[in-house]
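Take a look at the structure below.
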Amino acid sequence: MELVKATENDIPLIQDLARRSWENAYAEILSAEQMEYMLGTMYSTEEIAGHLQHPHYHYYLIKDGESNSFEGFIGYENAYENQTTKLHRIYLVPESKGKGFGKKALAFLADKTLEAGDGRIILNVNKFNAARQFYESQGYRIYDEGVFDIGNDFVMDDYLMEFIIHEQ
């Protein structure tokens with residue numbers, strides 16, 4: 001597995017990977033209308049381009065070295081809060097799950113978090129998303145929960161999770 005720094009040229013690929021992963025991850029959780037709304041706003045070309053312009057926001061594409069194909073991506077923001085990196089997005093296409101890409105991407109994130117001078121990673125995960133168990137298996141814990149209005153009469157009902165990095 002290789003993590004490749006994304007550029008504005010990769011926005012269509014990020015959008016495609018997001019759609020492919022969301023259609024699998026959220027099919028049973030979100031209505032088709034909410035999924036389309038969220039993909040259209042959170043993954044618009046303008047939104048992603050804005051992230052890529054931000055000095056603390058980073059996108060990396062997850063590439064399978066054997067097949068030479070892109071299997072997902074990770075988007076995170078260093079210094080989101082005091083000494084805290086926020087994992088905004090990590091998604092893998094369904095056919096790549098179970099190959100260790102997620103674990104390796106989270107290890108990469110921990111390294112990048114330390115390099116930036118942060119010692120904590122936070123994320124939001126939908127309360128009904130099976131990814132919560134994956135995060136827990138990697139040492140993340142729930143520290144709070146929240147319901148967030150995202151517009152158009154939709155909300156995100158999430159657990160807030162954190163990982164405290166202990167340097168080796």
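Each chain in the structure tokens gets a letter, A, B and so on, in the order shown; residues start at 1 in every chain, and ligands are counted from 1 in the order they appear.
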Checklist entry - If you count only C-alpha atoms, which residues fall within 10 Å of Glu2 in chain A, apart from same-chain ones fewer than 2 positions away, as a ChimeraX atom specification? => result /A:4-5,60-65,68,70,101,104-105
Exercise: Ile48 in chain A partners within 12 Å, only C-alpha atoms, chain neighbours under 4 positions left out, as a short mmCIF file (atom, residue, chain, number, x, y, z; two decimals) with all heavy atoms, in the first residue's frame:
```cif
data_model
loop_
_atom_site.label_atom_id
_atom_site.label_comp_id
_atom_site.auth_asym_id
_atom_site.auth_seq_id
_atom_site.Cartn_x
_atom_site.Cartn_y
_atom_site.Cartn_z
N ALA A 6 -2.65 13.99 -2.49
CA ALA A 6 -3.61 14.40 -3.53
C ALA A 6 -3.43 15.87 -3.90
O ALA A 6 -3.02 16.68 -3.07
CB ALA A 6 -5.04 14.16 -3.04
N THR A 7 -3.76 16.18 -5.14
CA THR A 7 -3.74 17.55 -5.65
C THR A 7 -5.11 17.86 -6.23
O THR A 7 -5.99 16.99 -6.30
CB THR A 7 -2.67 17.71 -6.76
OG1 THR A 7 -3.10 16.97 -7.91
CG2 THR A 7 -1.30 17.23 -6.30
N GLU A 8 -5.26 19.09 -6.71
CA GLU A 8 -6.54 19.47 -7.32
C GLU A 8 -6.88 18.60 -8.53
O GLU A 8 -8.05 18.38 -8.82
CB GLU A 8 -6.54 20.95 -7.68
CG GLU A 8 -6.62 21.83 -6.44
CD GLU A 8 -7.03 23.26 -6.71
OE1 GLU A 8 -7.72 23.52 -7.72
OE2 GLU A 8 -6.67 24.11 -5.89
N ASN A 9 -5.88 18.07 -9.21
CA ASN A 9 -6.13 17.17 -10.34
C ASN A 9 -6.82 15.87 -9.90
O ASN A 9 -7.40 15.17 -10.73
CB ASN A 9 -4.83 16.84 -11.07
CG ASN A 9 -4.23 18.03 -11.76
OD1 ASN A 9 -4.93 18.96 -12.13
ND2 ASN A 9 -2.92 18.02 -11.93
N ASP A 10 -6.72 15.55 -8.61
CA ASP A 10 -7.29 14.31 -8.09
C ASP A 10 -8.72 14.47 -7.58
O ASP A 10 -9.32 13.49 -7.12
CB ASP A 10 -6.40 13.77 -6.95
CG ASP A 10 -5.01 13.41 -7.43
OD1 ASP A 10 -4.90 12.71 -8.46
OD2 ASP A 10 -4.03 13.84 -6.78
N ILE A 11 -9.27 15.67 -7.65
CA ILE A 11 -10.62 15.88 -7.11
C ILE A 11 -11.64 14.93 -7.74
O ILE A 11 -12.43 14.31 -7.02
CB ILE A 11 -11.04 17.36 -7.22
CG1 ILE A 11 -10.19 18.20 -6.26
CG2 ILE A 11 -12.53 17.54 -6.94
CD1 ILE A 11 -10.39 19.70 -6.37
N PRO A 12 -11.68 14.75 -9.07
CA PRO A 12 -12.67 13.79 -9.62
C PRO A 12 -12.47 12.36 -9.09
O PRO A 12 -13.46 11.66 -8.85
CB PRO A 12 -12.42 13.85 -11.13
CG PRO A 12 -11.82 15.20 -11.37
CD PRO A 12 -10.96 15.46 -10.14
N LEU A 13 -11.24 11.96 -8.86
CA LEU A 13 -10.98 10.63 -8.30
C LEU A 13 -11.49 10.55 -6.86
O LEU A 13 -12.14 9.56 -6.49
CB LEU A 13 -9.48 10.32 -8.37
CG LEU A 13 -9.04 9.00 -7.74
CD1 LEU A 13 -9.74 7.80 -8.37
CD2 LEU A 13 -7.51 8.86 -7.84
N ILE A 14 -11.23 11.57 -6.06
CA ILE A 14 -11.73 11.60 -4.68
C ILE A 14 -13.25 11.52 -4.68
O ILE A 14 -13.85 10.77 -3.90
CB ILE A 14 -11.23 12.86 -3.94
CG1 ILE A 14 -9.71 12.77 -3.72
CG2 ILE A 14 -11.96 13.06 -2.62
CD1 ILE A 14 -9.06 14.07 -3.28
N GLN A 15 -13.89 12.28 -5.56
CA GLN A 15 -15.36 12.26 -5.65
C GLN A 15 -15.87 10.87 -6.02
O GLN A 15 -16.85 10.38 -5.45
CB GLN A 15 -15.84 13.30 -6.66
CG GLN A 15 -15.60 14.72 -6.19
CD GLN A 15 -15.79 15.76 -7.28
OE1 GLN A 15 -15.48 15.50 -8.45
NE2 GLN A 15 -16.30 16.93 -6.91
N ALA A 18 -15.35 8.50 -3.05
CA ALA A 18 -16.32 8.81 -2.00
C ALA A 18 -17.68 8.21 -2.35
O ALA A 18 -18.29 7.53 -1.52
CB ALA A 18 -16.45 10.33 -1.82
N LEU A 39 -23.04 14.14 -0.30
CA LEU A 39 -22.00 13.99 -1.32
C LEU A 39 -21.88 15.27 -2.15
O LEU A 39 -20.77 15.71 -2.48
CB LEU A 39 -22.29 12.80 -2.23
CG LEU A 39 -21.97 11.42 -1.65
CD1 LEU A 39 -22.58 10.32 -2.51
CD2 LEU A 39 -20.48 11.22 -1.48
N GLY A 40 -23.02 15.87 -2.48
CA GLY A 40 -23.02 17.08 -3.30
C GLY A 40 -22.41 18.29 -2.61
O GLY A 40 -21.82 19.15 -3.26
N THR A 41 -22.56 18.36 -1.29
CA THR A 41 -22.00 19.51 -0.56
C THR A 41 -20.60 19.22 -0.04
O THR A 41 -19.68 19.99 -0.27
CB THR A 41 -22.92 19.93 0.60
OG1 THR A 41 -23.14 18.82 1.46
CG2 THR A 41 -24.24 20.48 0.09
N MET A 42 -20.42 18.10 0.64
CA MET A 42 -19.14 17.79 1.27
C MET A 42 -18.06 17.41 0.26
O MET A 42 -16.87 17.51 0.56
CB MET A 42 -19.32 16.65 2.28
CG MET A 42 -20.21 17.00 3.44
SD MET A 42 -20.68 15.57 4.46
CE MET A 42 -19.10 15.01 5.03
N TYR A 43 -18.47 16.95 -0.91
CA TYR A 43 -17.51 16.51 -1.92
C TYR A 43 -17.62 17.31 -3.21
O TYR A 43 -17.19 16.83 -4.27
CB TYR A 43 -17.66 15.00 -2.17
CG TYR A 43 -17.17 14.21 -0.98
CD1 TYR A 43 -18.03 13.82 0.02
CD2 TYR A 43 -15.82 13.92 -0.85
CE1 TYR A 43 -17.57 13.14 1.13
CE2 TYR A 43 -15.35 13.24 0.26
CZ TYR A 43 -16.24 12.85 1.25
OH TYR A 43 -15.75 12.18 2.35
N SER A 44 -18.15 18.51 -3.11
CA SER A 44 -18.18 19.37 -4.30
C SER A 44 -16.75 19.73 -4.67
O SER A 44 -15.85 19.72 -3.82
CB SER A 44 -19.00 20.63 -4.04
OG SER A 44 -18.30 21.49 -3.14
N LEU A 52 -7.84 21.66 -0.06
CA LEU A 52 -6.48 21.51 -0.59
C LEU A 52 -5.69 22.81 -0.52
O LEU A 52 -4.45 22.77 -0.51
CB LEU A 52 -6.53 20.97 -2.02
CG LEU A 52 -7.02 19.53 -2.16
CD1 LEU A 52 -7.26 19.17 -3.61
CD2 LEU A 52 -6.04 18.54 -1.52
N GLN A 53 -6.37 23.94 -0.47
CA GLN A 53 -5.69 25.23 -0.34
C GLN A 53 -5.29 25.53 1.11
O GLN A 53 -4.44 26.36 1.35
CB GLN A 53 -6.60 26.36 -0.84
CG GLN A 53 -6.98 26.25 -2.30
CD GLN A 53 -5.79 26.33 -3.23
OE1 GLN A 53 -4.89 27.11 -3.01
NE2 GLN A 53 -5.78 25.50 -4.25
N HIS A 54 -5.93 24.85 2.05
CA HIS A 54 -5.69 25.10 3.47
C HIS A 54 -4.37 24.44 3.89
O HIS A 54 -4.17 23.25 3.63
CB HIS A 54 -6.86 24.52 4.28
CG HIS A 54 -6.88 24.91 5.70
ND1 HIS A 54 -6.00 24.41 6.62
CD2 HIS A 54 -7.67 25.78 6.38
CE1 HIS A 54 -6.25 24.93 7.81
NE2 HIS A 54 -7.26 25.77 7.69
N TYR A 57 -4.79 21.18 6.06
CA TYR A 57 -5.70 20.12 5.60
C TYR A 57 -4.98 19.30 4.53
O TYR A 57 -4.43 19.86 3.60
CB TYR A 57 -6.96 20.76 5.02
CG TYR A 57 -8.20 19.88 5.09
CD1 TYR A 57 -9.34 20.31 5.74
CD2 TYR A 57 -8.23 18.63 4.48
CE1 TYR A 57 -10.48 19.52 5.80
CE2 TYR A 57 -9.36 17.84 4.53
CZ TYR A 57 -10.47 18.28 5.19
OH TYR A 57 -11.59 17.50 5.25
N HIS A 58 -5.02 17.99 4.67
CA HIS A 58 -4.30 17.12 3.75
C HIS A 58 -5.19 15.98 3.27
O HIS A 58 -5.94 15.41 4.05
CB HIS A 58 -3.07 16.52 4.45
CG HIS A 58 -2.22 17.54 5.12
ND1 HIS A 58 -1.30 18.31 4.44
CD2 HIS A 58 -2.18 17.95 6.41
CE1 HIS A 58 -0.71 19.13 5.29
NE2 HIS A 58 -1.24 18.94 6.49
N TYR A 59 -5.05 15.66 2.00
CA TYR A 59 -5.69 14.49 1.41
C TYR A 59 -4.59 13.58 0.89
O TYR A 59 -3.65 14.03 0.23
CB TYR A 59 -6.56 14.87 0.21
CG TYR A 59 -7.95 15.34 0.53
CD1 TYR A 59 -8.21 16.69 0.75
CD2 TYR A 59 -9.02 14.45 0.59
CE1 TYR A 59 -9.48 17.14 1.01
CE2 TYR A 59 -10.29 14.90 0.85
CZ TYR A 59 -10.52 16.24 1.06
OH TYR A 59 -11.80 16.68 1.32
N GLY A 75 -8.57 12.15 4.54
CA GLY A 75 -8.51 13.61 4.62
C GLY A 75 -8.48 14.02 6.08
O GLY A 75 -9.35 13.61 6.86
N TYR A 76 -7.48 14.78 6.46
CA TYR A 76 -7.34 15.17 7.86
C TYR A 76 -6.81 16.60 7.96
O TYR A 76 -6.28 17.15 7.01
CB TYR A 76 -6.42 14.20 8.60
CG TYR A 76 -4.99 14.18 8.10
CD1 TYR A 76 -4.02 15.01 8.66
CD2 TYR A 76 -4.61 13.36 7.05
CE1 TYR A 76 -2.72 15.01 8.19
CE2 TYR A 76 -3.31 13.35 6.58
CZ TYR A 76 -2.37 14.18 7.15
OH TYR A 76 -1.08 14.19 6.68
N HIS A 88 -11.12 13.95 9.15
CA HIS A 88 -12.41 14.33 8.57
C HIS A 88 -13.00 13.21 7.74
O HIS A 88 -14.21 13.03 7.70
CB HIS A 88 -12.25 15.58 7.69
CG HIS A 88 -12.02 16.84 8.45
ND1 HIS A 88 -13.01 17.50 9.12
CD2 HIS A 88 -10.89 17.57 8.64
CE1 HIS A 88 -12.53 18.59 9.69
NE2 HIS A 88 -11.23 18.65 9.42
N ARG A 89 -12.14 12.45 7.04
CA ARG A 89 -12.64 11.44 6.12
C ARG A 89 -11.60 10.35 5.91
O ARG A 89 -10.44 10.63 5.68
CB ARG A 89 -12.95 12.03 4.75
CG ARG A 89 -13.01 13.51 4.75
CD ARG A 89 -13.32 14.17 3.48
NE ARG A 89 -14.35 15.16 3.79
CZ ARG A 89 -14.85 15.99 2.97
NH1 ARG A 89 -14.50 15.99 1.73
NH2 ARG A 89 -15.76 16.85 3.33
#
```
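If you look at CA of Gln34 in chain A and CA of Ile150 in chain A, they are 9.9 Å away from each other.
A straight line drawn from CA of Ala25 in chain A to CA of Tyr37 in chain A is 15.6 Å long.
Across A:Asn129, A:Ser21, A:Asn152, A:Ser137, the tightest approach to Glu95 in chain A is made by A:Ser21 when counting only C-alpha atoms.
Considering only C-alpha atoms, the residue among A:Met38, A:Ile74, A:Glu81, A:Glu23 positioned nearest to Asp118 in chain A is A:Glu81.
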Could you please write out, as a PDB file with C-alpha atoms, in the first residue's frame, every residue of range 59-150 of chain A that DSSP assigns to strand (DSSP E or B)?
```
ATOM      1  CA  TYR A  59      -5.693  14.489   1.413  1.00  0.00           C
ATOM      2  CA  TYR A  60      -3.860  11.277   0.575  1.00  0.00           C
ATOM      3  CA  LEU A  61      -5.011   8.673  -1.904  1.00  0.00           C
ATOM      4  CA  ILE A  62      -4.728   5.055  -0.793  1.00  0.00           C
ATOM      5  CA  LYS A  63      -3.108   3.071  -3.572  1.00  0.00           C
ATOM      6  CA  ASP A  64      -2.838  -0.704  -3.806  1.00  0.00           C
ATOM      7  CA  SER A  69      -5.342   0.983  -8.318  1.00  0.00           C
ATOM      8  CA  PHE A  70      -6.657   3.647  -5.973  1.00  0.00           C
ATOM      9  CA  GLU A  71      -8.721   2.054  -3.219  1.00  0.00           C
ATOM     10  CA  GLY A  72      -9.704   5.026  -1.074  1.00  0.00           C
ATOM     11  CA  PHE A  73      -8.506   8.212   0.549  1.00  0.00           C
ATOM     12  CA  ILE A  74      -7.898   9.934   3.841  1.00  0.00           C
ATOM     13  CA  GLY A  75      -8.510  13.613   4.615  1.00  0.00           C
ATOM     14  CA  TYR A  76      -7.336  15.168   7.861  1.00  0.00           C
ATOM     15  CA  GLU A  77      -6.579  18.547   9.401  1.00  0.00           C
ATOM     16  CA  ASN A  78      -3.672  19.183  11.749  1.00  0.00           C
ATOM     17  CA  ALA A  79      -4.043  21.819  14.491  1.00  0.00           C
ATOM     18  CA  TYR A  80      -7.848  21.517  14.300  1.00  0.00           C
ATOM     19  CA  GLU A  81      -7.916  22.113  18.046  1.00  0.00           C
ATOM     20  CA  THR A  84      -5.358  17.864  17.993  1.00  0.00           C
ATOM     21  CA  THR A  85      -5.674  16.554  14.442  1.00  0.00           C
ATOM     22  CA  LYS A  86      -9.155  15.879  13.078  1.00  0.00           C
ATOM     23  CA  LEU A  87      -9.686  12.911  10.791  1.00  0.00           C
ATOM     24  CA  HIS A  88     -12.406  14.332   8.571  1.00  0.00           C
ATOM     25  CA  ARG A  89     -12.636  11.438   6.117  1.00  0.00           C
ATOM     26  CA  ILE A  90     -11.284   7.998   5.529  1.00  0.00           C
ATOM     27  CA  TYR A  91     -13.040   5.853   2.980  1.00  0.00           C
ATOM     28  CA  LEU A  92     -12.231   2.645   1.167  1.00  0.00           C
ATOM     29  CA  ARG A 120      -4.511  13.523  19.717  1.00  0.00           C
ATOM     30  CA  ILE A 121      -6.716  12.505  16.795  1.00  0.00           C
ATOM     31  CA  ILE A 122     -10.463  13.073  16.829  1.00  0.00           C
ATOM     32  CA  LEU A 123     -13.204  11.989  14.438  1.00  0.00           C
ATOM     33  CA  ASN A 124     -16.960  11.763  14.081  1.00  0.00           C
ATOM     34  CA  VAL A 125     -18.585   8.471  13.127  1.00  0.00           C
ATOM     35  CA  ASN A 126     -22.266   7.842  12.431  1.00  0.00           C
ATOM     36  CA  ARG A 141     -12.614   5.543  22.173  1.00  0.00           C
ATOM     37  CA  ILE A 142     -15.917   7.391  22.292  1.00  0.00           C
ATOM     38  CA  TYR A 143     -15.681  10.570  24.358  1.00  0.00           C
ATOM     39  CA  ASP A 144     -18.978  12.238  23.429  1.00  0.00           C
ATOM     40  CA  GLU A 145     -21.841  12.220  20.956  1.00  0.00           C
ATOM     41  CA  GLY A 146     -23.706  14.850  19.036  1.00  0.00           C
ATOM     42  CA  VAL A 147     -26.441  15.592  16.556  1.00  0.00           C
ATOM     43  CA  PHE A 148     -25.307  18.119  13.955  1.00  0.00           C
ATOM     44  CA  ASP A 149     -27.605  20.082  11.639  1.00  0.00           C
ATOM     45  CA  ILE A 150     -26.075  19.925   8.164  1.00  0.00           C
TER      46      ILE A 150
END
```
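Residues lying within 9 Å of Gly119 in chain A, counting only C-alpha atoms and ignoring same-chain neighbours fewer than 4 positions away, are A:Gln83, A:Thr84, A:Thr85, A:Ala110, A:Thr113, A:Leu114, A:Phe163, A:Ile164, A:Ile165, A:His166, A:Glu167.
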Next on the checklist: From a backbone DSSP assignment, name each residue in range 47-142 of chain A labelled alpha helix (DSSP H), as an MDAnalysis selection string.
Outcome noted: chainID A and resid 47:53 101:115 131:137
